[in-house]
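One file, start-v9.txt, carrying compact mmCIF, C-alpha atoms and all ligand atoms:
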# COMPACT_ATOMS: atom_id res chain seq x y z
CA MET A 1 -23.38 -98.44 26.11
CA LYS A 2 -21.81 -95.32 27.55
CA TYR A 3 -22.02 -91.68 26.50
CA LEU A 4 -19.50 -88.94 27.28
CA VAL A 5 -21.11 -85.52 27.79
CA THR A 6 -19.17 -82.24 27.85
CA GLY A 7 -20.83 -79.15 29.33
CA ALA A 8 -22.87 -81.55 31.49
CA THR A 9 -23.20 -79.06 34.34
CA GLY A 10 -24.89 -76.46 32.11
CA LEU A 11 -28.56 -75.88 31.29
CA VAL A 12 -28.84 -78.43 28.49
CA GLY A 13 -26.24 -80.82 29.89
CA THR A 14 -27.94 -81.21 33.28
CA SER A 15 -31.26 -82.07 31.65
CA LEU A 16 -29.58 -84.42 29.19
CA VAL A 17 -27.47 -86.31 31.73
CA ASN A 18 -30.46 -86.84 34.03
CA ALA A 19 -32.57 -88.13 31.11
CA LEU A 20 -29.79 -90.46 29.93
CA LEU A 21 -29.32 -91.87 33.43
CA GLN A 22 -33.08 -92.38 33.79
CA SER A 23 -33.15 -94.35 30.56
CA GLY A 24 -30.33 -96.60 31.78
CA ILE A 25 -27.51 -95.21 29.64
CA GLY A 26 -24.13 -94.99 31.36
CA VAL A 27 -22.71 -91.47 31.49
CA HIS A 28 -19.23 -90.05 31.80
CA TYR A 29 -18.90 -86.29 31.80
CA LEU A 30 -16.08 -83.81 31.41
CA THR A 31 -15.92 -80.68 33.50
CA THR A 32 -13.51 -77.82 34.01
CA ARG A 33 -14.43 -77.91 37.73
CA VAL A 34 -13.81 -80.52 40.41
CA PRO A 35 -16.35 -83.24 39.51
CA GLN A 36 -19.21 -83.44 41.99
CA ASN A 37 -20.44 -86.97 41.45
CA ALA A 38 -23.30 -86.29 43.86
CA ALA A 39 -24.67 -83.93 41.17
CA PHE A 40 -25.37 -86.88 38.88
CA PRO A 41 -25.69 -90.08 40.94
CA GLY A 42 -24.61 -92.94 38.69
CA ALA A 43 -22.48 -90.82 36.35
CA ARG A 44 -18.69 -90.40 36.55
CA GLY A 45 -17.08 -87.00 36.19
CA PHE A 46 -13.60 -86.30 34.82
CA ARG A 47 -11.51 -83.13 34.53
CA TRP A 48 -10.50 -81.34 31.37
CA ASP A 49 -9.52 -77.90 30.28
CA PRO A 50 -9.95 -77.45 26.54
CA ILE A 51 -8.17 -74.11 26.53
CA GLN A 52 -5.09 -75.52 28.30
CA GLY A 53 -5.38 -78.68 26.18
CA THR A 54 -5.64 -81.05 29.15
CA ILE A 55 -7.99 -84.02 29.51
CA ASP A 56 -8.33 -87.09 31.71
CA THR A 57 -8.59 -89.67 28.90
CA GLU A 58 -10.11 -92.24 31.26
CA ALA A 59 -13.32 -90.34 30.49
CA LEU A 60 -13.33 -91.99 27.04
CA GLU A 61 -13.07 -95.60 28.32
CA GLY A 62 -15.98 -97.65 26.93
CA VAL A 63 -17.62 -94.58 25.35
CA SER A 64 -19.57 -95.10 22.09
CA THR A 65 -20.95 -91.56 21.72
CA VAL A 66 -19.67 -88.11 22.63
CA ILE A 67 -22.18 -85.29 23.13
CA HIS A 68 -20.36 -81.95 23.08
CA LEU A 69 -22.22 -79.11 24.78
CA ALA A 70 -19.32 -77.29 26.48
CA GLY A 71 -18.68 -73.66 25.79
CA ALA A 72 -18.07 -70.44 27.70
CA SER A 73 -21.35 -68.54 28.12
CA ILE A 74 -22.15 -65.95 25.45
CA ALA A 75 -24.20 -63.94 27.96
CA LYS A 76 -21.13 -62.34 29.60
CA PRO A 77 -19.53 -59.16 28.16
CA TRP A 78 -17.59 -59.84 24.95
CA THR A 79 -14.16 -58.43 25.73
CA LYS A 80 -11.42 -59.40 23.29
CA ALA A 81 -10.04 -62.00 25.73
CA TYR A 82 -13.49 -63.40 26.50
CA LYS A 83 -14.37 -63.69 22.80
CA LYS A 84 -11.33 -65.91 22.44
CA GLU A 85 -12.57 -68.04 25.35
CA ILE A 86 -16.03 -68.36 23.72
CA LEU A 87 -14.41 -69.65 20.55
CA ASP A 88 -11.64 -71.77 22.06
CA SER A 89 -13.83 -73.53 24.64
CA ARG A 90 -15.97 -74.91 21.79
CA VAL A 91 -13.40 -75.49 19.05
CA GLN A 92 -10.45 -76.58 21.23
CA GLY A 93 -12.81 -78.83 23.18
CA LEU A 94 -13.51 -80.79 20.00
CA ALA A 95 -9.83 -80.77 19.01
CA VAL A 96 -8.59 -82.02 22.41
CA LEU A 97 -11.12 -84.87 22.36
CA ALA A 98 -10.32 -85.78 18.74
CA GLN A 99 -6.62 -85.94 19.59
CA ALA A 100 -7.32 -88.29 22.49
CA ILE A 101 -9.49 -90.53 20.27
CA GLU A 102 -7.10 -90.48 17.29
CA GLY A 103 -4.95 -93.37 18.48
CA GLY A 104 -7.94 -95.70 18.05
CA LYS A 105 -7.83 -96.81 21.70
CA PHE A 106 -11.43 -95.80 22.41
CA PRO A 107 -14.62 -97.23 20.85
CA VAL A 108 -16.17 -93.84 19.91
CA LYS A 109 -18.44 -94.17 16.87
CA LYS A 110 -20.53 -91.01 17.00
CA LEU A 111 -20.27 -87.31 17.85
CA VAL A 112 -23.36 -85.22 18.53
CA THR A 113 -22.39 -81.59 18.92
CA ALA A 114 -24.25 -78.46 19.84
CA SER A 115 -24.13 -75.70 17.28
CA ALA A 116 -26.35 -72.63 16.96
CA THR A 117 -28.83 -70.97 14.62
CA GLY A 118 -26.61 -67.89 14.92
CA ILE A 119 -24.73 -69.33 11.93
CA TYR A 120 -27.51 -67.96 9.67
CA PRO A 121 -27.34 -64.29 8.62
CA SER A 122 -29.91 -62.03 10.24
CA ASP A 123 -32.88 -61.61 7.91
CA LEU A 124 -36.49 -60.62 8.47
CA GLU A 125 -38.03 -62.85 5.79
CA GLN A 126 -35.70 -65.70 4.76
CA VAL A 127 -36.63 -69.17 6.05
CA TYR A 128 -33.45 -71.05 6.91
CA ALA A 129 -33.07 -74.74 6.10
CA GLU A 130 -29.85 -76.62 6.84
CA SER A 131 -28.91 -76.47 3.14
CA HIS A 132 -28.43 -72.69 3.38
CA THR A 133 -24.71 -72.04 2.95
CA GLU A 134 -24.33 -68.32 3.61
CA VAL A 135 -22.84 -67.70 7.06
CA ALA A 136 -23.48 -64.66 9.27
CA GLN A 137 -20.47 -62.35 9.11
CA ASP A 138 -20.75 -61.27 12.75
CA PHE A 139 -18.84 -62.73 15.71
CA LEU A 140 -21.38 -65.47 16.49
CA GLY A 141 -21.61 -66.58 12.87
CA GLN A 142 -17.84 -66.93 12.72
CA VAL A 143 -17.72 -68.87 16.02
CA VAL A 144 -20.39 -71.30 14.91
CA GLN A 145 -18.76 -71.87 11.54
CA GLN A 146 -15.43 -72.75 13.19
CA TRP A 147 -17.20 -74.92 15.77
CA GLU A 148 -18.90 -76.94 13.01
CA THR A 149 -15.65 -77.21 11.02
CA ALA A 150 -13.92 -78.64 14.11
CA ALA A 151 -16.77 -81.18 14.42
CA ASP A 152 -16.50 -82.14 10.74
CA ARG A 153 -12.85 -83.11 11.28
CA TRP A 154 -14.09 -86.01 13.43
CA SER A 155 -15.42 -87.71 10.29
CA GLU A 156 -11.76 -88.11 9.21
CA LEU A 157 -11.45 -90.44 12.22
CA GLY A 158 -14.33 -92.57 10.88
CA ILE A 159 -16.75 -91.08 13.41
CA GLU A 160 -20.34 -90.22 12.46
CA VAL A 161 -20.94 -86.49 13.06
CA VAL A 162 -24.33 -85.00 13.93
CA LYS A 163 -24.51 -81.20 14.37
CA CYS A 164 -27.54 -79.70 16.06
CA ARG A 165 -28.08 -75.98 15.52
CA PHE A 166 -29.86 -74.96 18.72
CA GLY A 167 -32.33 -72.09 18.70
CA LEU A 168 -33.20 -70.22 21.91
CA VAL A 169 -33.55 -72.91 24.56
CA PHE A 170 -36.61 -72.26 26.71
CA SER A 171 -36.30 -73.21 30.37
CA THR A 172 -37.07 -71.47 33.63
CA THR A 173 -33.65 -72.30 35.09
CA SER A 174 -31.43 -70.13 32.91
CA GLY A 175 -30.94 -69.02 29.33
CA SER A 176 -32.94 -66.38 27.51
CA LEU A 177 -36.45 -67.03 28.85
CA PRO A 178 -35.91 -65.85 32.47
CA ALA A 179 -34.41 -62.62 31.07
CA MET A 180 -37.52 -62.08 28.91
CA VAL A 181 -39.96 -63.00 31.66
CA GLY A 182 -38.48 -60.68 34.32
CA PRO A 183 -39.66 -57.34 32.82
CA VAL A 184 -43.06 -58.84 31.89
CA ARG A 185 -43.67 -59.88 35.51
CA TRP A 186 -43.10 -56.20 36.43
CA GLY A 187 -45.66 -55.18 33.81
CA LEU A 188 -42.87 -53.86 31.56
CA GLY A 189 -43.00 -56.32 28.68
CA SER A 190 -42.24 -54.61 25.38
CA ALA A 191 -40.84 -55.06 21.91
CA LEU A 192 -37.07 -55.02 21.57
CA GLY A 193 -36.20 -52.75 18.67
CA HIS A 194 -38.97 -53.00 16.06
CA GLY A 195 -39.91 -56.41 17.46
CA GLN A 196 -40.23 -57.93 13.98
CA GLN A 197 -37.12 -60.12 14.36
CA TRP A 198 -37.80 -63.86 14.25
CA GLN A 199 -37.07 -65.94 17.32
CA SER A 200 -36.50 -69.63 16.71
CA TRP A 201 -36.93 -71.46 19.99
CA ILE A 202 -37.08 -74.97 21.45
CA HIS A 203 -38.36 -76.24 24.80
CA LEU A 204 -35.58 -77.76 26.91
CA LYS A 205 -37.55 -81.01 27.19
CA ASP A 206 -37.73 -81.33 23.39
CA LEU A 207 -34.06 -80.45 22.96
CA THR A 208 -33.11 -83.11 25.52
CA GLN A 209 -35.13 -85.74 23.64
CA LEU A 210 -33.81 -84.51 20.30
CA LEU A 211 -30.20 -84.97 21.46
CA ILE A 212 -31.00 -88.48 22.72
CA TRP A 213 -32.73 -89.24 19.41
CA CYS A 214 -29.73 -87.94 17.45
CA ALA A 215 -27.34 -90.03 19.53
CA ALA A 216 -29.42 -93.18 19.17
CA GLN A 217 -30.71 -92.98 15.60
CA GLY A 218 -30.09 -89.57 14.01
CA PRO A 219 -28.34 -89.92 10.66
CA ALA A 220 -25.09 -87.96 10.27
CA GLY A 221 -25.48 -84.37 9.14
CA VAL A 222 -26.69 -81.03 10.36
CA TYR A 223 -30.10 -80.43 11.94
CA ASN A 224 -31.85 -77.29 13.05
CA ALA A 225 -32.79 -77.97 16.68
CA VAL A 226 -35.78 -75.65 16.77
CA ALA A 227 -39.52 -76.09 17.24
CA PRO A 228 -41.60 -76.02 14.05
CA LYS A 229 -43.16 -72.62 14.72
CA PRO A 230 -40.77 -69.69 15.21
CA LEU A 231 -42.37 -66.32 15.88
CA ARG A 232 -41.54 -62.63 15.87
CA GLN A 233 -40.09 -61.12 19.06
CA ILE A 234 -43.10 -58.88 19.70
CA GLU A 235 -45.44 -61.86 19.45
CA LEU A 236 -43.24 -63.82 21.84
CA ALA A 237 -43.26 -60.96 24.37
CA LYS A 238 -47.06 -60.63 24.04
CA THR A 239 -47.53 -64.40 24.51
CA ILE A 240 -45.42 -64.31 27.68
CA ALA A 241 -47.53 -61.39 28.97
CA ARG A 242 -50.78 -63.20 28.14
CA ILE A 243 -49.70 -66.40 29.90
CA LEU A 244 -48.56 -64.45 32.97
CA ARG A 245 -51.78 -62.36 32.80
CA LYS A 246 -49.75 -59.15 32.70
CA PRO A 247 -50.42 -56.00 30.66
CA PHE A 248 -48.44 -55.34 27.51
CA TRP A 249 -48.34 -51.62 27.05
CA ALA A 250 -44.76 -50.37 27.44
CA PRO A 251 -43.19 -48.63 24.40
CA PRO A 252 -40.60 -50.57 22.40
CA VAL A 253 -36.98 -50.39 23.56
CA PRO A 254 -35.24 -48.66 20.64
CA SER A 255 -32.51 -50.66 18.90
CA TRP A 256 -29.96 -47.90 19.46
CA VAL A 257 -30.51 -48.10 23.24
CA LEU A 258 -29.87 -51.85 23.17
CA ARG A 259 -26.76 -51.26 21.05
CA VAL A 260 -25.45 -48.69 23.53
CA ILE A 261 -26.13 -50.97 26.53
CA LEU A 262 -25.09 -54.31 25.05
CA GLY A 263 -22.66 -53.29 22.28
CA GLU A 264 -21.96 -56.19 19.90
CA ARG A 265 -24.03 -58.50 22.15
CA SER A 266 -27.17 -56.62 21.06
CA ALA A 267 -27.15 -59.13 18.17
CA LEU A 268 -28.42 -61.66 20.71
CA VAL A 269 -31.75 -59.82 20.95
CA LEU A 270 -31.94 -57.91 17.68
CA SER A 271 -30.87 -60.42 15.06
CA SER A 272 -33.54 -62.38 13.19
CA GLN A 273 -33.34 -66.02 12.18
CA ARG A 274 -36.50 -67.77 10.97
CA VAL A 275 -35.32 -71.36 11.11
CA SER A 276 -37.05 -74.42 9.70
CA ALA A 277 -37.54 -77.67 11.66
CA GLN A 278 -38.65 -79.55 8.52
CA LYS A 279 -35.55 -81.73 8.21
CA ILE A 280 -35.74 -83.14 11.73
CA LEU A 281 -39.53 -83.62 11.37
CA ASP A 282 -39.01 -85.48 8.09
CA ALA A 283 -36.38 -87.64 9.78
CA GLY A 284 -39.06 -88.77 12.25
CA PHE A 285 -38.50 -86.70 15.38
CA VAL A 286 -41.74 -85.84 17.20
CA PHE A 287 -41.92 -82.61 19.23
CA GLU A 288 -43.88 -82.45 22.47
CA PHE A 289 -44.04 -78.64 22.18
CA SER A 290 -44.64 -77.26 18.68
CA GLU A 291 -46.74 -74.27 19.77
CA VAL A 292 -45.04 -71.52 21.74
CA SER A 293 -48.10 -71.04 23.93
CA ASP A 294 -47.96 -74.72 25.01
CA ALA A 295 -44.23 -74.49 25.73
CA LEU A 296 -44.59 -71.28 27.73
CA SER A 297 -47.66 -72.50 29.62
CA ASP A 298 -45.72 -75.62 30.60
CA LEU A 299 -42.82 -73.53 31.85
CA LEU A 300 -44.53 -70.47 33.31
CA THR A 301 -47.80 -71.76 34.76
CA PRO A 302 -47.54 -72.99 38.36
CA LYS A 303 -47.98 -76.78 38.57
CA ARG A 304 -50.72 -78.07 40.88
N1 LIG B 1 -29.07 -72.18 25.86
C1 LIG B 1 -29.30 -71.72 24.63
O1 LIG B 1 -30.33 -71.00 24.40
C2 LIG B 1 -28.37 -72.07 23.51
C3 LIG B 1 -28.69 -71.64 22.20
C4 LIG B 1 -27.83 -71.95 21.16
C5 LIG B 1 -26.68 -72.68 21.41
N2 LIG B 1 -26.38 -73.07 22.67
C6 LIG B 1 -25.12 -73.81 22.90
O2 LIG B 1 -25.39 -75.06 23.49
C7 LIG B 1 -24.38 -75.42 24.40
C8 LIG B 1 -25.03 -75.75 25.74
O3 LIG B 1 -25.80 -74.64 26.13
P1 LIG B 1 -26.18 -74.36 27.65
O4 LIG B 1 -27.24 -73.34 27.65
O5 LIG B 1 -26.39 -75.65 28.37
O6 LIG B 1 -24.82 -73.69 28.17
P2 LIG B 1 -24.39 -73.38 29.68
O7 LIG B 1 -25.52 -73.54 30.61
O8 LIG B 1 -23.68 -72.07 29.64
O9 LIG B 1 -23.34 -74.54 29.99
C9 LIG B 1 -22.17 -74.72 29.22
C10 LIG B 1 -21.17 -75.58 29.98
O10 LIG B 1 -19.92 -75.42 29.31
C11 LIG B 1 -18.87 -75.56 30.24
N3 LIG B 1 -17.90 -74.48 30.07
C12 LIG B 1 -18.03 -73.17 30.39
N4 LIG B 1 -16.89 -72.50 30.11
C13 LIG B 1 -16.04 -73.42 29.63
C14 LIG B 1 -14.70 -73.37 29.16
N5 LIG B 1 -14.00 -72.24 29.16
N6 LIG B 1 -14.13 -74.54 28.70
C15 LIG B 1 -14.83 -75.68 28.70
N7 LIG B 1 -16.09 -75.80 29.15
C16 LIG B 1 -16.68 -74.68 29.58
C17 LIG B 1 -19.45 -75.47 31.64
O11 LIG B 1 -19.27 -76.76 32.25
P3 LIG B 1 -18.15 -77.01 33.41
O12 LIG B 1 -18.17 -75.76 34.26
O13 LIG B 1 -18.66 -78.21 34.11
O14 LIG B 1 -16.87 -77.20 32.71
C18 LIG B 1 -20.94 -75.18 31.42
O15 LIG B 1 -21.74 -75.91 32.31
C19 LIG B 1 -23.42 -74.23 24.49
O16 LIG B 1 -22.30 -74.47 23.68
C20 LIG B 1 -24.23 -73.09 23.91
O17 LIG B 1 -23.45 -72.10 23.26
C21 LIG B 1 -27.20 -72.79 23.73

Please rewrite the model in this file as structure tokens.
Ligand SMILES: NC(=O)c1ccc[n+]([C@@H]2O[C@H](COP(=O)([O-])OP(=O)(O)OC[C@H]3O[C@@H](n4cnc5c(N)ncnc54)[C@H](OP(=O)(O)O)[C@@H]3O)[C@@H](O)[C@H]2O)c1
Amino acid sequence: MKYLVTGATGLVGTSLVNALLQSGIGVHYLTTRVPQNAAFPGARGFRWDPIQGTIDTEALEGVSTVIHLAGASIAKPWTKAYKKEILDSRVQGLAVLAQAIEGGKFPVKKLVTASATGIYPSDLEQVYAESHTEVAQDFLGQVVQQWETAADRWSELGIEVVKCRFGLVFSTTSGSLPAMVGPVRWGLGSALGHGQQWQSWIHLKDLTQLLIWCAAQGPAGVYNAVAPKPLRQIELAKTIARILRKPFWAPPVPSWVLRVILGERSALVLSSQRVSAQKILDAGFVFEFSEVSDALSDLLTPKR
């Protein structure tokens, strides 16, 4: 059994590839850089460029499952050209792979793709299950919708499609948590805007296991890849401060300041999605970290 992972060199991909290799699953990965096989001993790297439409199709030899995590980072400034790259790297990536698989030469049976909770409209009260059909009208909502549509096209090739809508992935390496922790360490933890926006999060370890579970036994469909207990931003900031034993006194950062500094990207910190994990729980997935305090203690407390 062999899996092909795109975006393997990223935050989630690195954790996933290492876990797959440890459990004895063969891994091929696609990268836009020169493959550094030393990065993943035992895995084989191949080149592609979704935006240029190029791919080394040897990457698909013997592959039963594709796990698609690739995508240009949304943390960089959203210029018009870069917005196109954010969209194309995700959507074209799926299209380039589908085209290579179309001829029936490769034994691919399943696609597990990253997606994001940003597909749900920002709302301070609504609890979002996967059955919710309204899509956020902002840039991220539109990207995620097109990303999922590109994934759905794989079912026309007879491939089972599993879409995982990731919440904020908590890790100390990169992603949103280090950005939140930095000010708290300086004693400057505070609410962002009114702080009442919901943050739906997942520990990187749980997300890694969830992707492996989806690849091995997850039924086709869409799943919210979030821990069972989302919380409001101010509570998250206070929990980080408590775990780091830092004061929490600074005044909130007004929304308008964040909008001036971040522009459209302020949606990343101000939008509110209270997302339900019920479907994945009902399907039998067991979280190691359901409580945010356990997840943050695991990540932020020095290990003995
Ligand atoms: N982290 C989160 O909190 C979070 C939340 C929701 C959704 N997601 C989504 O989950 C996926 C994985 O997240 P992550 O945090 O692991 O992302 P990441 O650390 O930014 O890694 C993404 C990977 O995508 C590849 N990539 C970058 N630009 C590319 C381009 N133009 N064309 C093709 N590939 C490109 C890179 O691999 P190479 O350089 O090797 O090509 C990179 O390692 C992403 O699609 C992300 O949007 C993440």

| field | Selected residue, from A:Ala116, A:Val286, A:Val17, A:Ala75, that lies nearest to Phe166 of chain A when counting only C-alpha atoms | value | A:Ala116

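The interatomic distance for the pair atom CA of Val169 of chain A and atom C20 of ligand LIG 1 (chain B) works out to 9.3 Å.
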
| query | Could you tell me, as a list in words, which residues have any atom at most 8 Å from (-36.8, -52.2, 15.7), counting only C-alpha atoms? | reply |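 Residues with an atom close enough to that point: Ala191, Leu192, Gly193, His194, Gly195, Gln196, Pro252, Pro254, Ser255 and Leu270 of chain A.
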
| request: Would you please work out which residue, of A:Gly13, A:Gly24, A:Pro302, A:Gly141, is nearest to Gly71 of chain A when using all atoms listed in the file? | output: A:Gly13

| query | Which is closer to Thr149 of chain A than all the others in A:Ala39, A:Val161, A:Val63, A:Ala100, using all atoms listed in the file? | reply | A:Val161

| message | 8 Å from ligand LIG 1 (chain B) is the threshold here; counting all atoms listed in the file, which polymer residues fall inside it? Answer as a VMD selection string. | response | chain A and resid 6 to 14 30 to 33 35 48 to 51 68 to 74 85 to 86 88 to 90 93 114 to 118 165 to 170 174 to 176 201

Print the selection's residues with C-alpha atoms to a file, as a short mmCIF file (atom, residue, chain, number, x, y, z; two decimals), keeping the file's coordinate frame.
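out23.cif, freshly written:
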data_model
loop_
_atom_site.label_atom_id
_atom_site.label_comp_id
_atom_site.auth_asym_id
_atom_site.auth_seq_id
_atom_site.Cartn_x
_atom_site.Cartn_y
_atom_site.Cartn_z
CA THR A 6 -19.17 -82.24 27.85
CA GLY A 7 -20.83 -79.15 29.33
CA ALA A 8 -22.87 -81.55 31.49
CA THR A 9 -23.20 -79.06 34.34
CA GLY A 10 -24.89 -76.46 32.11
CA LEU A 11 -28.56 -75.88 31.29
CA VAL A 12 -28.84 -78.43 28.49
CA GLY A 13 -26.24 -80.82 29.89
CA THR A 14 -27.94 -81.21 33.28
CA LEU A 30 -16.08 -83.81 31.41
CA THR A 31 -15.92 -80.68 33.50
CA THR A 32 -13.51 -77.82 34.01
CA ARG A 33 -14.43 -77.91 37.73
CA PRO A 35 -16.35 -83.24 39.51
CA TRP A 48 -10.50 -81.34 31.37
CA ASP A 49 -9.52 -77.90 30.28
CA PRO A 50 -9.95 -77.45 26.54
CA ILE A 51 -8.17 -74.11 26.53
CA HIS A 68 -20.36 -81.95 23.08
CA LEU A 69 -22.22 -79.11 24.78
CA ALA A 70 -19.32 -77.29 26.48
CA GLY A 71 -18.68 -73.66 25.79
CA ALA A 72 -18.07 -70.44 27.70
CA SER A 73 -21.35 -68.54 28.12
CA ILE A 74 -22.15 -65.95 25.45
CA GLU A 85 -12.57 -68.04 25.35
CA ILE A 86 -16.03 -68.36 23.72
CA ASP A 88 -11.64 -71.77 22.06
CA SER A 89 -13.83 -73.53 24.64
CA ARG A 90 -15.97 -74.91 21.79
CA GLY A 93 -12.81 -78.83 23.18
CA ALA A 114 -24.25 -78.46 19.84
CA SER A 115 -24.13 -75.70 17.28
CA ALA A 116 -26.35 -72.63 16.96
CA THR A 117 -28.83 -70.97 14.62
CA GLY A 118 -26.61 -67.89 14.92
CA ARG A 165 -28.08 -75.98 15.52
CA PHE A 166 -29.86 -74.96 18.72
CA GLY A 167 -32.33 -72.09 18.70
CA LEU A 168 -33.20 -70.22 21.91
CA VAL A 169 -33.55 -72.91 24.56
CA PHE A 170 -36.61 -72.26 26.71
CA SER A 174 -31.43 -70.13 32.91
CA GLY A 175 -30.94 -69.02 29.33
CA SER A 176 -32.94 -66.38 27.51
CA TRP A 201 -36.93 -71.46 19.99
#

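Of the residues listed (A:Ala43, A:Val275, A:Leu97, A:Ala38), A:Val275 shows the shortest atom-to-atom separation from Ile119 of chain A; distances use all atoms listed in the file.
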
| What is the distance, in Å and to one decimal place, between atom CA of Glu160 of chain A and atom CA of Leu111 of chain A? |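 Here the two named atoms are 6.1 Å from each other.
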
Take every atom of segment 1-12 of chain A listed in the file, pad by 5 Å on each side, and give me the axis-aligned box centre and edge lengths in Å, one decimal, as AutoDock Vina command-line options.
--center_x -24.0 --center_y -87.2 --center_z 30.2 --size_x 19.7 --size_y 32.6 --size_z 18.2

| request: Would you mind telling me which residue in A:Leu300, A:Met1, A:Val135, A:Ser23 lies nearest to Thr239 of chain A when using all atoms listed in the file? | output: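 Between A:Leu300, A:Met1, A:Val135, A:Ser23, the residue approaching Thr239 of chain A most closely is A:Leu300.
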
Check which residues of segment 50-138 of chain A sit at most 9 Å from segment 205-222 of chain A using only C-alpha atoms, and return one row each with the closest pair of atoms and their distance in Å to one decimal, ordered by chain and rising number, as a tab-separated table.
residue	atom	partner	partner_atom	distance
A:Thr65	CA	A:Ala215	CA	6.9
A:Val66	CA	A:Ala215	CA	8.5
A:Ile67	CA	A:Ala215	CA	7.9
A:Lys110	CA	A:Ala215	CA	7.3
A:Leu111	CA	A:Ala215	CA	7.8
A:Val112	CA	A:Ala215	CA	6.3
A:Thr113	CA	A:Leu211	CA	8.9
A:Ala114	CA	A:Leu211	CA	9.0
A:Glu130	CA	A:Val222	CA	6.5
A:Ser131	CA	A:Val222	CA	8.8

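Atom CA of Tyr29 of chain A sits 17.6 Å away from atom CA of Val91 of chain A.
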
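Counting all atoms listed in the file, the residue from A:Ala98, A:Val260, A:Ala227, A:Val34 that sits nearest to Glu291 of chain A is A:Ala227.
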
| field | For Glu61 of chain A: contacts at 12 Å, only C-alpha atoms, fewer than 4 positions along chain excluded, given as a count of residues only | value | 21
